[in-house]
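A.B. asks: Pasting a structure here, questions to come.
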Amino acid sequence: MIKAVLFDLDGTLADTALDLGGALNRMLLEDGLPTQPYTAIRPLASHGARALVSLGFGIDKHHPDFERLRLRFLDEYANGFTEQTTLFEGVAPLIAALAERGLPWGIITNKPMRFTDHLVPVLPFPVKPAVVVSGDTVGVAKPDPRPMRHAAELIGIDPLQCCYVGDAERDIAAGRAVGMKTILANWGYLSDEDRPGEWGADHEIDHPLQLLELI
């Protein structure tokens with residue numbers, strides 16, 4: 001029996017790709033480099049700063065400039081990370097329906113606290129989350145299972161009685177590692193290279209409100 005519902009943030013609850021892409025393109029313009037189209041940015045948005053720096057600058061994590069550019073990207077993103085971010089269609093009524101059923105909900109994201117702590121309160125959730133665990137809350141991020149265990153402990157519910165909804169392979173892996181029911185959000189930031197059918201999610205849904213049929 002499901003007693004709590006936990007979610008990823010970027011690409012699952014909130015569409016953050018425009019603000020992430022805006023930060024990247026401002027950097028590229030400053031450096032005289034070609035900007036990236038939204039179609040290239042969106043599939044990588046769930047993978048955060050590292051993936052977007054690699055996309056924009058054509059380098060990987062082994063490049064000597066990579067960490068400097070990653071930190072610069074985070075600073076640039078801090079200048080506008082709430083400007084165009086919105087909830088996906090269906091998320092607000094889903095949260096309201098969970099509250100009506102007496103089910104607590106929460107967020108487990110790889111987004112750093114410096115952003116999560118400011119973004120979550122300004123998003124138009126009809127009910128506040130019972131727990132928010134960021135990518136640096138416990139010192140490790142998904143797919144490590146420790147953020148999942150920490151969130152379950154904070155709300156006092158066994159992971160086996162929680163379900164986790166996310167749009168990335170690491171979401172499904174982390175949820176499965178602690179025994180949560182895992183649900184893939186097909187409206188999220190999936191790329192052509194992703195193979196979600198191989199991730200082992202218990203269910204896949206195409207719209208947030210379909211979750212209500214599974215719990």
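The way I read the labels, and the way they are meant: chains A, B, ... in the order of the structure tokens, residue 1 as the first residue of every chain, and ligand 1 as the first ligand shown, with later ones counted on from there.
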For Gly135 of chain A, work out the shell of residues within 12 Å, counting only C-alpha atoms and skipping chain neighbours fewer than 5 positions away, then give it as a short mmCIF file (atom, residue, chain, number, x, y, z; two decimals) with C-alpha atoms, in the first residue's frame.

C.D. replies:
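Output saved as result_26.cif:
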```
data_model
loop_
_atom_site.label_atom_id
_atom_site.label_comp_id
_atom_site.auth_asym_id
_atom_site.auth_seq_id
_atom_site.Cartn_x
_atom_site.Cartn_y
_atom_site.Cartn_z
CA ASP A 8 12.14 14.17 -9.15
CA LEU A 9 12.03 17.93 -9.83
CA ASP A 10 13.56 18.89 -13.21
CA HIS A 47 21.41 15.87 -16.49
CA GLY A 48 22.31 19.31 -15.18
CA ILE A 107 10.87 15.96 -3.80
CA ILE A 108 14.18 14.16 -4.24
CA THR A 109 16.31 16.00 -6.77
CA ASN A 110 19.93 16.22 -7.84
CA LYS A 111 19.57 19.99 -8.06
CA PRO A 112 21.80 21.71 -5.45
CA MET A 113 20.20 23.24 -2.39
CA ARG A 114 21.26 26.75 -3.45
CA PHE A 115 18.63 26.48 -6.19
CA THR A 116 16.08 24.04 -4.76
CA ASP A 117 15.59 25.98 -1.54
CA VAL A 140 25.69 12.22 -2.56
CA ALA A 141 23.11 12.34 -5.34
CA LYS A 142 21.03 9.84 -7.30
CA PRO A 143 21.56 7.12 -8.46
CA ASP A 144 23.01 6.62 -4.99
CA PRO A 145 20.11 5.38 -2.85
CA ARG A 146 20.98 7.43 0.22
CA PRO A 147 18.87 10.48 -0.74
CA MET A 148 15.90 8.13 -1.13
CA HIS A 150 16.87 10.03 3.84
CA ALA A 151 13.61 11.35 2.41
#
```

A.B. asks: Quick one: everything within 10 Å of Gly56 of chain A, counting only C-alpha atoms, minus sequence neighbours fewer than 3 positions away in the same chain. Send it as a CSV table (one decimal) with N, CA and C atoms, in the first residue's frame.

C.D. replies:
```
chain,number,residue,atom,x,y,z
A,21,GLY,N,18.8,26.5,-20.2
A,21,GLY,CA,19.3,26.8,-21.6
A,21,GLY,C,19.6,28.3,-21.7
A,24,LEU,N,23.1,28.7,-20.2
A,24,LEU,CA,24.1,28.2,-21.1
A,24,LEU,C,24.3,29.2,-22.3
A,25,ASN,N,23.3,29.6,-22.9
A,25,ASN,CA,23.4,30.5,-24.1
A,25,ASN,C,24.0,31.9,-23.7
A,27,MET,N,26.3,32.3,-21.5
A,27,MET,CA,27.7,32.1,-21.5
A,27,MET,C,28.3,31.9,-22.9
A,28,LEU,N,27.7,31.2,-23.7
A,28,LEU,CA,28.2,31.0,-25.1
A,28,LEU,C,28.3,32.4,-25.8
A,33,LEU,N,30.6,32.2,-28.9
A,33,LEU,CA,30.4,30.8,-29.5
A,33,LEU,C,28.9,30.8,-29.9
A,34,PRO,N,28.6,29.9,-30.8
A,34,PRO,CA,27.2,29.7,-31.2
A,34,PRO,C,26.3,29.2,-30.1
A,35,THR,N,25.1,29.8,-30.0
A,35,THR,CA,24.2,29.3,-29.0
A,35,THR,C,23.5,28.0,-29.4
A,36,GLN,N,22.9,27.3,-28.4
A,36,GLN,CA,22.3,26.0,-28.7
A,36,GLN,C,20.8,26.2,-28.8
A,40,ALA,N,18.0,21.0,-28.6
A,40,ALA,CA,19.3,20.3,-28.2
A,40,ALA,C,19.4,20.3,-26.7
A,41,ILE,N,18.9,21.4,-26.1
A,41,ILE,CA,19.0,21.6,-24.6
A,41,ILE,C,18.1,20.8,-23.8
A,51,ALA,N,26.2,18.1,-18.3
A,51,ALA,CA,25.7,17.8,-19.6
A,51,ALA,C,25.6,19.0,-20.5
A,52,LEU,N,25.1,20.1,-19.9
A,52,LEU,CA,24.9,21.3,-20.7
A,52,LEU,C,26.3,22.0,-21.0
A,53,VAL,N,27.2,22.0,-20.1
A,53,VAL,CA,28.5,22.5,-20.5
A,53,VAL,C,29.2,21.7,-21.6
A,59,ILE,N,33.2,19.8,-24.8
A,59,ILE,CA,34.3,19.2,-24.0
A,59,ILE,C,33.7,18.3,-23.0
```

A.B. asks: Write down as an MDAnalysis selection string the residues of segment 60-116 of chain A whose backbone DSSP state falls under helix (DSSP H, G or I).

C.D. replies: chainID A and resid 66:78 91:100 113:116

A.B. asks: Under the rule that only C-alpha atoms are counted, which of A:Cys163, A:Val133, A:Leu214, A:Leu69 is the nearest residue to Leu6 of chain A?

C.D. replies: A:Cys163

A.B. asks: If we count only C-alpha atoms and set the cut-off at 10 Å, which residues sit around Glu83 of chain A, ignoring sequence neighbours fewer than 5 positions away in its own chain? Please answer as a ChimeraX atom specification.

C.D. replies: /A:16,18-19,22

A.B. asks: Selection from above, C-alpha atoms, as a compact mmCIF listing (two decimals), in the first residue's frame, can you write it?

C.D. replies:
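Below you can see again.txt, which holds the result:
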```txt
# COMPACT_ATOMS: atom_id res chain seq x y z
CA THR A 16 13.29 24.08 -16.01
CA LEU A 18 14.30 27.29 -20.61
CA ASP A 19 16.11 28.77 -17.62
CA GLY A 22 19.20 30.55 -21.04
```

A.B. asks: Measure the distance from atom CA of Ala23 of chain A to atom CA of Pro124 of chain A in Å and round it to one decimal.

C.D. replies: 22.7 Å

A.B. asks: Neighbouring residues of His207 of chain A were defined as those with any atom within 7 Å, considering only C-alpha atoms; residues of the same chain fewer than 3 positions away were excluded. Please report them as a VMD selection string.

C.D. replies: chain A and resid 90 187 210

A.B. asks: Out of segment 12-203 of chain A, which residues get strand (DSSP E) from DSSP, as a ChimeraX atom specification?

C.D. replies: /A:14-15,86-87,105-108,131-133,162-166,181-185,203

A.B. asks: Choose the residue, out of A:Arg68, A:Arg195, A:Arg176, A:Lys3, that has the smallest atom-to-atom separation from Leu103 of chain A; count only C-alpha atoms.

C.D. replies: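 Using only C-alpha atoms, Leu103 of chain A sits closest to A:Lys3.
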
A.B. asks: Please indicate the distance in Å from atom CA of Ile95 of chain A to atom CA of Ala4 of chain A, rounded to one decimal place.

C.D. replies: 11.6 Å

A.B. asks: So that I can check the surroundings of Ala185 of chain A, please list as a PyMOL selection string every protein, DNA and RNA residue that reaches within 12 Å of it, counting only C-alpha atoms and ignoring chain neighbours fewer than 5 positions away.

C.D. replies: chain A and resi 7-14+88+91+164-169+171-172+190+196+201-211

A.B. asks: If I take atom CA of Lys181 of chain A and atom CA of Ile215 of chain A, how far is one from the other in Å, to one decimal?

C.D. replies: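 Atom-to-atom, atom CA of Lys181 of chain A and atom CA of Ile215 of chain A are spaced 10.0 Å apart.
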
A.B. asks: Which residues, written as an NGL selection string, have at least one atom at most 7 Å from Ala130 of chain A, with only C-alpha atoms counted and residues fewer than 2 positions away on the same chain left out?

C.D. replies: :A and (104-106 or 128 or 155)

A.B. asks: With distances taken over only C-alpha atoms, which residue among A:Pro121, A:Pro126, A:Arg50, A:Thr182 lies nearest Leu94 of chain A?

C.D. replies: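 Under the stated criterion, the closest residue is A:Pro126.
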